[in-house]
file target_21.pdb (PDB, C-alpha atoms)
ATOM      1  CA  MET U 946     184.749  73.316 196.032
ATOM      2  CA  LYS U 947     186.222  73.287 199.546
ATOM      3  CA  ASN U 948     189.028  70.860 200.324
ATOM      4  CA  LYS U 949     188.239  68.704 203.310
ATOM      5  CA  GLN U 950     191.293  68.202 205.550
ATOM      6  CA  LYS U 951     191.244  65.265 207.847
ATOM      7  CA  GLY U 952     193.479  64.994 210.911
ATOM      8  CA  PHE U 953     193.990  62.531 213.725
ATOM      9  CA  THR U 954     191.427  62.231 216.434
ATOM     10  CA  LEU U 955     192.423  62.510 220.072
ATOM     11  CA  MET U 956     191.741  58.814 220.535
ATOM     12  CA  GLU U 957     194.085  57.885 217.672
ATOM     13  CA  VAL U 958     196.874  60.047 219.115
ATOM     14  CA  LEU U 959     196.475  58.503 222.558
ATOM     15  CA  ILE U 960     196.537  54.987 221.114
ATOM     16  CA  THR U 961     199.722  55.792 219.150
ATOM     17  CA  ILE U 962     201.439  57.228 222.244
ATOM     18  CA  GLY U 963     200.434  54.152 224.228
ATOM     19  CA  LEU U 964     201.863  51.792 221.592
ATOM     20  CA  VAL U 965     205.150  53.741 221.448
ATOM     21  CA  ALA U 966     205.419  53.624 225.241
ATOM     22  CA  ILE U 967     204.850  49.850 225.269
ATOM     23  CA  LEU U 968     207.427  49.235 222.541
ATOM     24  CA  THR U 969     209.950  51.454 224.323
ATOM     25  CA  ALA U 970     209.410  49.637 227.598
ATOM     26  CA  ILE U 971     210.183  46.368 225.838
ATOM     27  CA  ALA U 972     213.058  47.532 223.613
ATOM     28  CA  VAL U 973     215.138  49.664 225.996
ATOM     29  CA  PRO U 974     215.765  46.977 228.665
ATOM     30  CA  SER U 975     216.569  44.450 225.931
ATOM     31  CA  TYR U 976     219.047  46.853 224.346
ATOM     32  CA  ARG U 977     220.696  47.610 227.684
ATOM     33  CA  ASN U 978     221.036  43.913 228.429
ATOM     34  CA  TYR U 979     222.562  43.412 224.972
ATOM     35  CA  LEU U 980     225.169  46.087 225.734
ATOM     36  CA  ARG U 981     225.987  44.499 229.090
ATOM     37  CA  THR U 982     226.415  41.109 227.434
ATOM     38  CA  ALA U 983     228.629  42.622 224.741
ATOM     39  CA  ASN U 984     230.789  44.296 227.400
ATOM     40  CA  ARG U 985     231.485  40.910 228.983
ATOM     41  CA  VAL U 986     233.586  39.938 225.980
ATOM     42  CA  GLU U 987     236.189  42.322 227.382
ATOM     43  CA  ALA U 988     236.531  40.220 230.532
ATOM     44  CA  GLN U 989     237.041  37.009 228.599
ATOM     45  CA  THR U 990     239.524  38.598 226.188
ATOM     46  CA  SER U 991     241.516  40.260 228.980
ATOM     47  CA  LEU U 992     241.755  37.089 231.065
ATOM     48  CA  SER U 993     242.821  35.099 228.008
ATOM     49  CA  GLN U 994     245.557  37.643 227.291
ATOM     50  CA  LEU U 995     246.744  37.510 230.912
ATOM     51  CA  TYR U 996     246.755  33.693 230.838
ATOM     52  CA  MET U 997     248.853  33.499 227.680
ATOM     53  CA  ALA U 998     251.331  36.091 228.980
ATOM     54  CA  GLU U 999     251.759  34.287 232.306
ATOM     55  CA  LYS U1000     252.244  30.946 230.563
ATOM     56  CA  ALA U1001     254.884  32.389 228.227
ATOM     57  CA  PHE U1002     256.680  33.984 231.193
ATOM     58  CA  TYR U1003     256.538  30.718 233.158
ATOM     59  CA  LEU U1004     257.918  28.759 230.209
ATOM     60  CA  GLN U1005     260.962  31.032 230.140
ATOM     61  CA  TRP U1006     261.589  31.628 233.861
ATOM     62  CA  ARG U1007     259.753  28.769 235.642
ATOM     63  CA  PHE U1008     257.593  30.964 237.908
ATOM     64  CA  TYR U1009     254.536  33.212 237.585
ATOM     65  CA  THR U1010     254.694  36.929 238.315
ATOM     66  CA  SER U1011     252.084  39.445 239.427
ATOM     67  CA  ASP U1012     253.972  42.194 237.557
ATOM     68  CA  LEU U1013     251.779  42.258 234.443
ATOM     69  CA  VAL U1014     254.158  44.536 232.542
ATOM     70  CA  VAL U1015     257.092  42.175 233.012
ATOM     71  CA  ALA U1016     254.793  39.263 232.150
ATOM     72  CA  GLY U1017     254.047  40.964 228.840
ATOM     73  CA  VAL U1018     250.347  41.749 229.311
ATOM     74  CA  SER U1019     249.356  44.687 227.112
ATOM     75  CA  PRO U1020     245.733  45.903 227.530
ATOM     76  CA  ASP U1021     244.320  48.100 224.791
ATOM     77  CA  GLY U1022     241.537  50.683 224.473
ATOM     78  CA  ALA U1023     238.930  52.019 226.913
ATOM     79  CA  LEU U1024     238.375  49.442 229.656
ATOM     80  CA  ILE U1025     235.582  48.592 232.091
ATOM     81  CA  TYR U1026     236.929  45.498 233.873
ATOM     82  CA  ARG U1027     239.695  45.588 236.430
ATOM     83  CA  VAL U1028     241.789  42.476 235.775
ATOM     84  CA  GLY U1029     244.632  40.991 237.767
ATOM     85  CA  PHE U1030     245.652  39.644 241.156
ATOM     86  CA  ASN U1031     244.879  40.542 244.759
ATOM     87  CA  THR U1032     248.527  40.483 245.740
ATOM     88  CA  GLN U1033     251.360  42.841 244.934
ATOM     89  CA  SER U1034     253.996  40.159 245.372
ATOM     90  CA  PRO U1035     255.827  39.739 242.061
ATOM     91  CA  GLY U1036     256.799  36.176 242.852
ATOM     92  CA  THR U1037     260.056  34.797 244.181
ATOM     93  CA  ALA U1038     262.466  34.898 241.287
ATOM     94  CA  PRO U1039     264.926  32.003 241.100
ATOM     95  CA  THR U1040     268.608  32.861 241.120
ATOM     96  CA  ALA U1041     268.741  32.136 237.388
ATOM     97  CA  TYR U1042     266.261  34.944 236.643
ATOM     98  CA  LYS U1043     267.890  37.611 234.453
ATOM     99  CA  GLY U1044     264.763  39.451 233.329
ATOM    100  CA  PRO U1045     263.582  43.022 234.030
ATOM    101  CA  THR U1046     263.224  44.258 237.606
ATOM    102  CA  MET U1047     259.718  43.498 238.847
ATOM    103  CA  ASP U1048     257.440  46.168 240.342
ATOM    104  CA  THR U1049     255.033  45.143 243.124
ATOM    105  CA  ALA U1050     252.505  47.848 242.134
ATOM    106  CA  ARG U1051     251.757  46.537 238.638
ATOM    107  CA  ASN U1052     249.459  43.656 239.599
ATOM    108  CA  ASP U1053     246.275  44.720 237.748
ATOM    109  CA  PHE U1054     245.077  46.567 234.655
ATOM    110  CA  TYR U1055     244.036  49.729 236.498
ATOM    111  CA  THR U1056     247.472  50.314 237.981
ATOM    112  CA  ILE U1057     249.204  49.914 234.621
ATOM    113  CA  CYS U1058     246.608  51.785 232.502
ATOM    114  CA  GLY U1059     245.308  54.646 234.675
ATOM    115  CA  GLN U1060     242.208  56.774 234.106
ATOM    116  CA  SER U1061     243.385  58.482 230.927
ATOM    117  CA  PHE U1062     245.380  57.427 227.909
ATOM    118  CA  GLY U1063     249.070  57.986 228.456
ATOM    119  CA  SER U1064     248.779  58.275 232.241
ATOM    120  CA  GLY U1065     249.853  54.695 233.003
ATOM    121  CA  THR U1066     252.750  52.391 232.248
ATOM    122  CA  ILE U1067     250.827  51.094 229.220
ATOM    123  CA  GLU U1068     249.873  54.119 227.110
ATOM    124  CA  GLY U1069     247.290  52.467 224.862
ATOM    125  CA  CYS U1070     244.685  51.741 227.536
ATOM    126  CA  ALA U1071     242.580  53.649 230.080
ATOM    127  CA  PHE U1072     239.568  53.178 232.346
ATOM    128  CA  LYS U1073     236.547  55.205 231.265
ATOM    129  CA  TYR U1074     233.582  55.953 233.527
ATOM    130  CA  LYS U1075     230.914  58.647 233.577
ATOM    131  CA  LYS U1076     232.646  60.333 236.515
ATOM    132  CA  THR U1077     236.417  60.672 236.372
ATOM    133  CA  SER U1078     236.550  60.630 240.184
ATOM    134  CA  ILE U1079     235.322  57.010 240.254
ATOM    135  CA  THR U1080     237.880  54.217 240.350
ATOM    136  CA  PRO U1081     237.252  50.549 239.541
ATOM    137  CA  PRO U1082     236.914  48.075 242.430
ATOM    138  CA  ASP U1083     240.165  47.226 244.170
ATOM    139  CA  ILE U1084     241.054  43.591 243.575
ATOM    140  CA  ASN U1085     243.168  43.635 246.731
ATOM    141  CA  THR U1086     239.932  43.685 248.792
ATOM    142  CA  VAL U1087     238.529  40.532 247.166
ATOM    143  CA  GLY U1088     238.408  37.416 249.288
ATOM    144  CA  GLY U1089     236.497  35.791 252.107
ATOM    145  CA  THR U1090     233.032  34.813 250.882
ATOM    146  CA  ASN U1091     233.663  35.818 247.269
ATOM    147  CA  PRO U1092     233.358  33.026 244.659
ATOM    148  CA  CYS U1093     237.055  33.045 243.777
ATOM    149  CA  THR U1094     240.084  34.632 245.375
ATOM    150  CA  PRO U1095     242.592  36.034 242.893
ATOM    151  CA  ALA U1096     246.097  35.107 244.008
ATOM    152  CA  ILE U1097     249.451  34.069 242.626
ATOM    153  CA  SER U1098     252.441  31.970 243.677
ATOM    154  CA  ASN U1099     255.448  30.616 241.814
ATOM    155  CA  ASP U1100     253.582  27.596 240.451
ATOM    156  CA  GLU U1101     249.909  28.572 240.312
ATOM    157  CA  PHE U1102     247.608  31.550 239.930
ATOM    158  CA  THR U1103     243.986  32.656 239.850
ATOM    159  CA  ALA U1104     243.276  35.963 238.130
ATOM    160  CA  MET U1105     240.017  37.918 238.333
ATOM    161  CA  ALA U1106     238.126  40.333 236.078
ATOM    162  CA  ILE U1107     235.491  42.467 237.822
ATOM    163  CA  ALA U1108     233.109  45.265 236.773
ATOM    164  CA  ASP U1109     229.704  46.712 237.614
ATOM    165  CA  LEU U1110     227.569  46.333 234.481
ATOM    166  CA  ILE U1111     224.215  47.356 235.977
ATOM    167  CA  ASN U1112     225.170  50.711 237.413
ATOM    168  CA  LYS U1113     227.936  51.417 234.873
ATOM    169  CA  LYS U1114     230.128  52.726 237.654
ATOM    170  CA  ALA U1115     232.660  51.181 239.977
ATOM    171  CA  PRO U1116     232.775  52.283 243.607
ATOM    172  CA  LYS U1117     236.051  52.194 245.482
ATOM    173  CA  ASN U1118     234.777  49.679 248.007
ATOM    174  CA  LEU U1119     234.128  46.262 246.477
ATOM    175  CA  SER U1120     231.379  45.467 248.995
ATOM    176  CA  ALA U1121     229.407  48.487 247.739
ATOM    177  CA  ILE U1122     229.008  47.026 244.245
ATOM    178  CA  ALA U1123     225.388  45.982 243.870
ATOM    179  CA  LYS U1124     225.588  43.977 240.651
ATOM    180  CA  LYS U1125     229.176  42.950 240.065
ATOM    181  CA  ASP U1126     230.202  40.779 237.144
ATOM    182  CA  ILE U1127     233.088  38.487 238.068
ATOM    183  CA  TRP U1128     235.177  36.181 235.882
ATOM    184  CA  CYS U1129     238.143  34.056 236.958
ATOM    185  CA  ILE U1130     240.879  32.051 235.243
ATOM    186  CA  ASN U1131     243.625  29.834 236.667
ATOM    187  CA  GLN U1132     246.866  28.272 235.447
ATOM    188  CA  TYR U1133     244.890  25.360 233.978
ATOM    189  CA  LYS U1134     242.876  27.785 231.815
ATOM    190  CA  GLU U1135     239.700  26.986 233.728
ATOM    191  CA  VAL U1136     237.367  29.950 233.240
ATOM    192  CA  THR U1137     234.430  30.580 235.567
ATOM    193  CA  ASN U1138     231.767  33.286 235.796
ATOM    194  CA  PRO U1139     230.543  32.960 239.408
ATOM    195  CA  CYS U1140     228.753  36.317 239.343
ATOM    196  CA  ASP U1141     226.611  37.226 236.319
ATOM    197  CA  GLY U1142     226.497  41.013 236.276
ATOM    198  CA  THR U1143     223.895  41.180 233.520
ATOM    199  CA  LYS U1144     221.126  40.002 235.843
ATOM    200  CA  ALA U1145     219.373  42.359 238.222
ATOM    201  CA  SER U1146     218.788  39.382 240.525
ATOM    202  CA  ASN U1147     222.529  38.953 241.074
ATOM    203  CA  THR U1148     223.054  38.255 244.772
ATOM    204  CA  CYS U1149     226.763  37.501 244.722
ATOM    205  CA  PRO U1150     228.641  38.599 247.839
TER
END

call {"tool": "encode", "arguments": {"input": "target_21.pdb", "output": "structure tokens"}}
result
Amino acid sequence: MKNKQKGFTLMEVLITIGLVAILTAIAVPSYRNYLRTANRVEAQTSLSQLYMAEKAFYLQWRFYTSDLVVAGVSPDGALIYRVGFNTQSPGTAPTAYKGPTMDTARNDFYTICGQSFGSGTIEGCAFKYKKTSITPPDINTVGGTNPCTPAISNDEFTAMAIADLINKKAPKNLSAIAKKDIWCINQYKEVTNPCDGTKASNTCP
């Protein structure tokens, strides 16, 4: 007796391929959006850490400082968001200030972490992108028509967290970022997200 072997017909194969393609088209964008949303937790956590450090520093010395190292901010791990201020002024220290010497160049996470672990002032953090030649957007260029302007003075501050979640890369020129995700926090702990970087329709300036 001959064994009859039955295989798939061409029509069945084509139908299967079509179904897989449809499911992939639905699942992949959803998964990517999930990753973008998950990445945004970093912005909220980083701004919260900066807020608490600035408040503790202010409680002791009665002024805010843009020197994040002196303020006690300690980022950790591989980072996407550049967080900090658009000014390199460390604040005007009162005559009673006896703390560490402040550095005007340590006003954001990128300057204190660098592009590789151990290359910055804080050794436990680094910015990781697909191309090592790419740097995160420069907060010092933020202003004008942007939703919030990160700045600091002795008695008030607004800090910003910014990243490009759509393209997963950060051009040097802020205006070249197509889909930037922006978060801000001030001395009153008011947190805003004026630019939602998870949406392709983002038209923020």

call {"tool": "residues_near_point", "arguments": {"input": "target_21.pdb", "point": "(253.2, 27.1, 239.1)", "cutoff": "12 Å", "atoms": "only C-alpha atoms", "output": "ChimeraX atom specification"}}
result
/U:999-1000,1002-1004,1006-1010,1036-1037,1096-1103,1131-1133

call {"tool": "write_last_selection", "arguments": {"input": "target_21.pdb", "atoms": "C-alpha atoms", "output": "PDB file, keeping the file's coordinate frame"}}
result
ATOM      1  CA  GLU U 999     251.759  34.287 232.306  1.00  0.00           C
ATOM      2  CA  LYS U1000     252.244  30.946 230.563  1.00  0.00           C
ATOM      3  CA  PHE U1002     256.680  33.984 231.193  1.00  0.00           C
ATOM      4  CA  TYR U1003     256.538  30.718 233.158  1.00  0.00           C
ATOM      5  CA  LEU U1004     257.918  28.759 230.209  1.00  0.00           C
ATOM      6  CA  TRP U1006     261.589  31.628 233.861  1.00  0.00           C
ATOM      7  CA  ARG U1007     259.753  28.769 235.642  1.00  0.00           C
ATOM      8  CA  PHE U1008     257.593  30.964 237.908  1.00  0.00           C
ATOM      9  CA  TYR U1009     254.536  33.212 237.585  1.00  0.00           C
ATOM     10  CA  THR U1010     254.694  36.929 238.315  1.00  0.00           C
ATOM     11  CA  GLY U1036     256.799  36.176 242.852  1.00  0.00           C
ATOM     12  CA  THR U1037     260.056  34.797 244.181  1.00  0.00           C
ATOM     13  CA  ALA U1096     246.097  35.107 244.008  1.00  0.00           C
ATOM     14  CA  ILE U1097     249.451  34.069 242.626  1.00  0.00           C
ATOM     15  CA  SER U1098     252.441  31.970 243.677  1.00  0.00           C
ATOM     16  CA  ASN U1099     255.448  30.616 241.814  1.00  0.00           C
ATOM     17  CA  ASP U1100     253.582  27.596 240.451  1.00  0.00           C
ATOM     18  CA  GLU U1101     249.909  28.572 240.312  1.00  0.00           C
ATOM     19  CA  PHE U1102     247.608  31.550 239.930  1.00  0.00           C
ATOM     20  CA  THR U1103     243.986  32.656 239.850  1.00  0.00           C
ATOM     21  CA  ASN U1131     243.625  29.834 236.667  1.00  0.00           C
ATOM     22  CA  GLN U1132     246.866  28.272 235.447  1.00  0.00           C
ATOM     23  CA  TYR U1133     244.890  25.360 233.978  1.00  0.00           C
TER      24      TYR U1133
END

call {"tool": "atom_distance", "arguments": {"input": "target_21.pdb", "atom1": "CA of Ser993 in chain U", "atom2": "CA of Pro1095 in chain U"}}
result
14.9 Å

call {"tool": "closest_residue", "arguments": {"input": "target_21.pdb", "among": "U:Ile1067, U:Leu1110, U:Ile1130, U:Thr954", "to": "Thr1094 in chain U", "atoms": "all atoms listed in the file"}}
result
U:Ile1130

call {"tool": "atom_distance", "arguments": {"input": "target_21.pdb", "atom1": "CA of Asp1012 in chain U", "atom2": "CA of Cys1070 in chain U"}}
result
16.7 Å

call {"tool": "closest_residue", "arguments": {"input": "target_21.pdb", "among": "U:Ile962, U:Ala1023, U:Val1014, U:Ile1057", "to": "Lys1073 in chain U", "atoms": "all atoms listed in the file"}}
result
U:Ala1023

call {"tool": "closest_residue", "arguments": {"input": "target_21.pdb", "among": "U:Met1047, U:Ala966, U:Pro1039, U:Gly1022", "to": "Gln1060 in chain U", "atoms": "only C-alpha atoms"}}
result
U:Gly1022

call {"tool": "atom_distance", "arguments": {"input": "target_21.pdb", "atom1": "CA of Leu995 in chain U", "atom2": "CA of Cys1129 in chain U"}}
result
11.1 Å

call {"tool": "closest_residue", "arguments": {"input": "target_21.pdb", "among": "U:Cys1058, U:Ala1050, U:Ala1038, U:Ile1025", "to": "Ala1108 in chain U", "atoms": "all atoms listed in the file"}}
result
U:Ile1025

call {"tool": "closest_residue", "arguments": {"input": "target_21.pdb", "among": "U:Gly1142, U:Pro1020, U:Gly963, U:Gly1029", "to": "Asp1053 in chain U", "atoms": "all atoms listed in the file"}}
result
U:Gly1029

call {"tool": "closest_residue", "arguments": {"input": "target_21.pdb", "among": "U:Tyr1026, U:Gly1059, U:Glu1135, U:Ala998", "to": "Ile1107 in chain U", "atoms": "all atoms listed in the file"}}
result
U:Tyr1026

call {"tool": "resolve_selection", "arguments": {"input": "target_21.pdb", "expression": "the PyMOL selection byres ((chain U and resi 1140) around 6)", "output": "JSON, numbers by chain"}}
result
{"U": [1126, 1127, 1138, 1139, 1141, 1149]}

call {"tool": "build_atoms", "arguments": {"input": "target_21.pdb", "residues": "range 1001-1019 of chain U", "atoms": "N, CA and C atoms", "output": "CSV table (one decimal), in the frame of the given file"}}
result
chain,number,residue,atom,x,y,z
U,1001,ALA,N,253.6,32.1,229.0
U,1001,ALA,CA,254.9,32.4,228.2
U,1001,ALA,C,256.0,32.8,229.2
U,1002,PHE,N,255.7,33.6,230.2
U,1002,PHE,CA,256.7,34.0,231.2
U,1002,PHE,C,257.1,32.8,232.0
U,1003,TYR,N,256.2,31.9,232.4
U,1003,TYR,CA,256.5,30.7,233.2
U,1003,TYR,C,257.4,29.8,232.3
U,1004,LEU,N,257.1,29.6,231.1
U,1004,LEU,CA,257.9,28.8,230.2
U,1004,LEU,C,259.4,29.2,230.2
U,1005,GLN,N,259.6,30.5,230.2
U,1005,GLN,CA,261.0,31.0,230.1
U,1005,GLN,C,261.7,31.0,231.5
U,1006,TRP,N,260.9,31.4,232.6
U,1006,TRP,CA,261.6,31.6,233.9
U,1006,TRP,C,261.2,30.7,235.0
U,1007,ARG,N,260.2,29.8,234.7
U,1007,ARG,CA,259.8,28.8,235.6
U,1007,ARG,C,259.1,29.3,236.9
U,1008,PHE,N,258.4,30.5,236.8
U,1008,PHE,CA,257.6,31.0,237.9
U,1008,PHE,C,256.6,32.0,237.3
U,1009,TYR,N,255.5,32.2,238.0
U,1009,TYR,CA,254.5,33.2,237.6
U,1009,TYR,C,254.8,34.5,238.3
U,1010,THR,N,254.5,35.6,237.7
U,1010,THR,CA,254.7,36.9,238.3
U,1010,THR,C,253.4,37.8,238.3
U,1011,SER,N,253.2,38.5,239.4
U,1011,SER,CA,252.1,39.4,239.4
U,1011,SER,C,252.4,40.8,238.7
U,1012,ASP,N,253.6,41.0,238.3
U,1012,ASP,CA,254.0,42.2,237.6
U,1012,ASP,C,253.5,42.0,236.1
U,1013,LEU,N,252.4,42.5,235.8
U,1013,LEU,CA,251.8,42.3,234.4
U,1013,LEU,C,252.6,42.9,233.3
U,1014,VAL,N,253.3,43.9,233.6
U,1014,VAL,CA,254.2,44.5,232.5
U,1014,VAL,C,255.3,43.6,232.2
U,1015,VAL,N,256.0,43.1,233.2
U,1015,VAL,CA,257.1,42.2,233.0
U,1015,VAL,C,256.6,40.9,232.4
U,1016,ALA,N,255.4,40.5,232.7
U,1016,ALA,CA,254.8,39.3,232.2
U,1016,ALA,C,254.5,39.4,230.7
U,1017,GLY,N,254.3,40.7,230.3
U,1017,GLY,CA,254.0,41.0,228.8
U,1017,GLY,C,252.6,41.2,228.5
U,1018,VAL,N,251.8,41.4,229.5
U,1018,VAL,CA,250.3,41.7,229.3
U,1018,VAL,C,250.2,43.2,228.8
U,1019,SER,N,249.5,43.4,227.7
U,1019,SER,CA,249.4,44.7,227.1
U,1019,SER,C,247.9,45.0,226.8
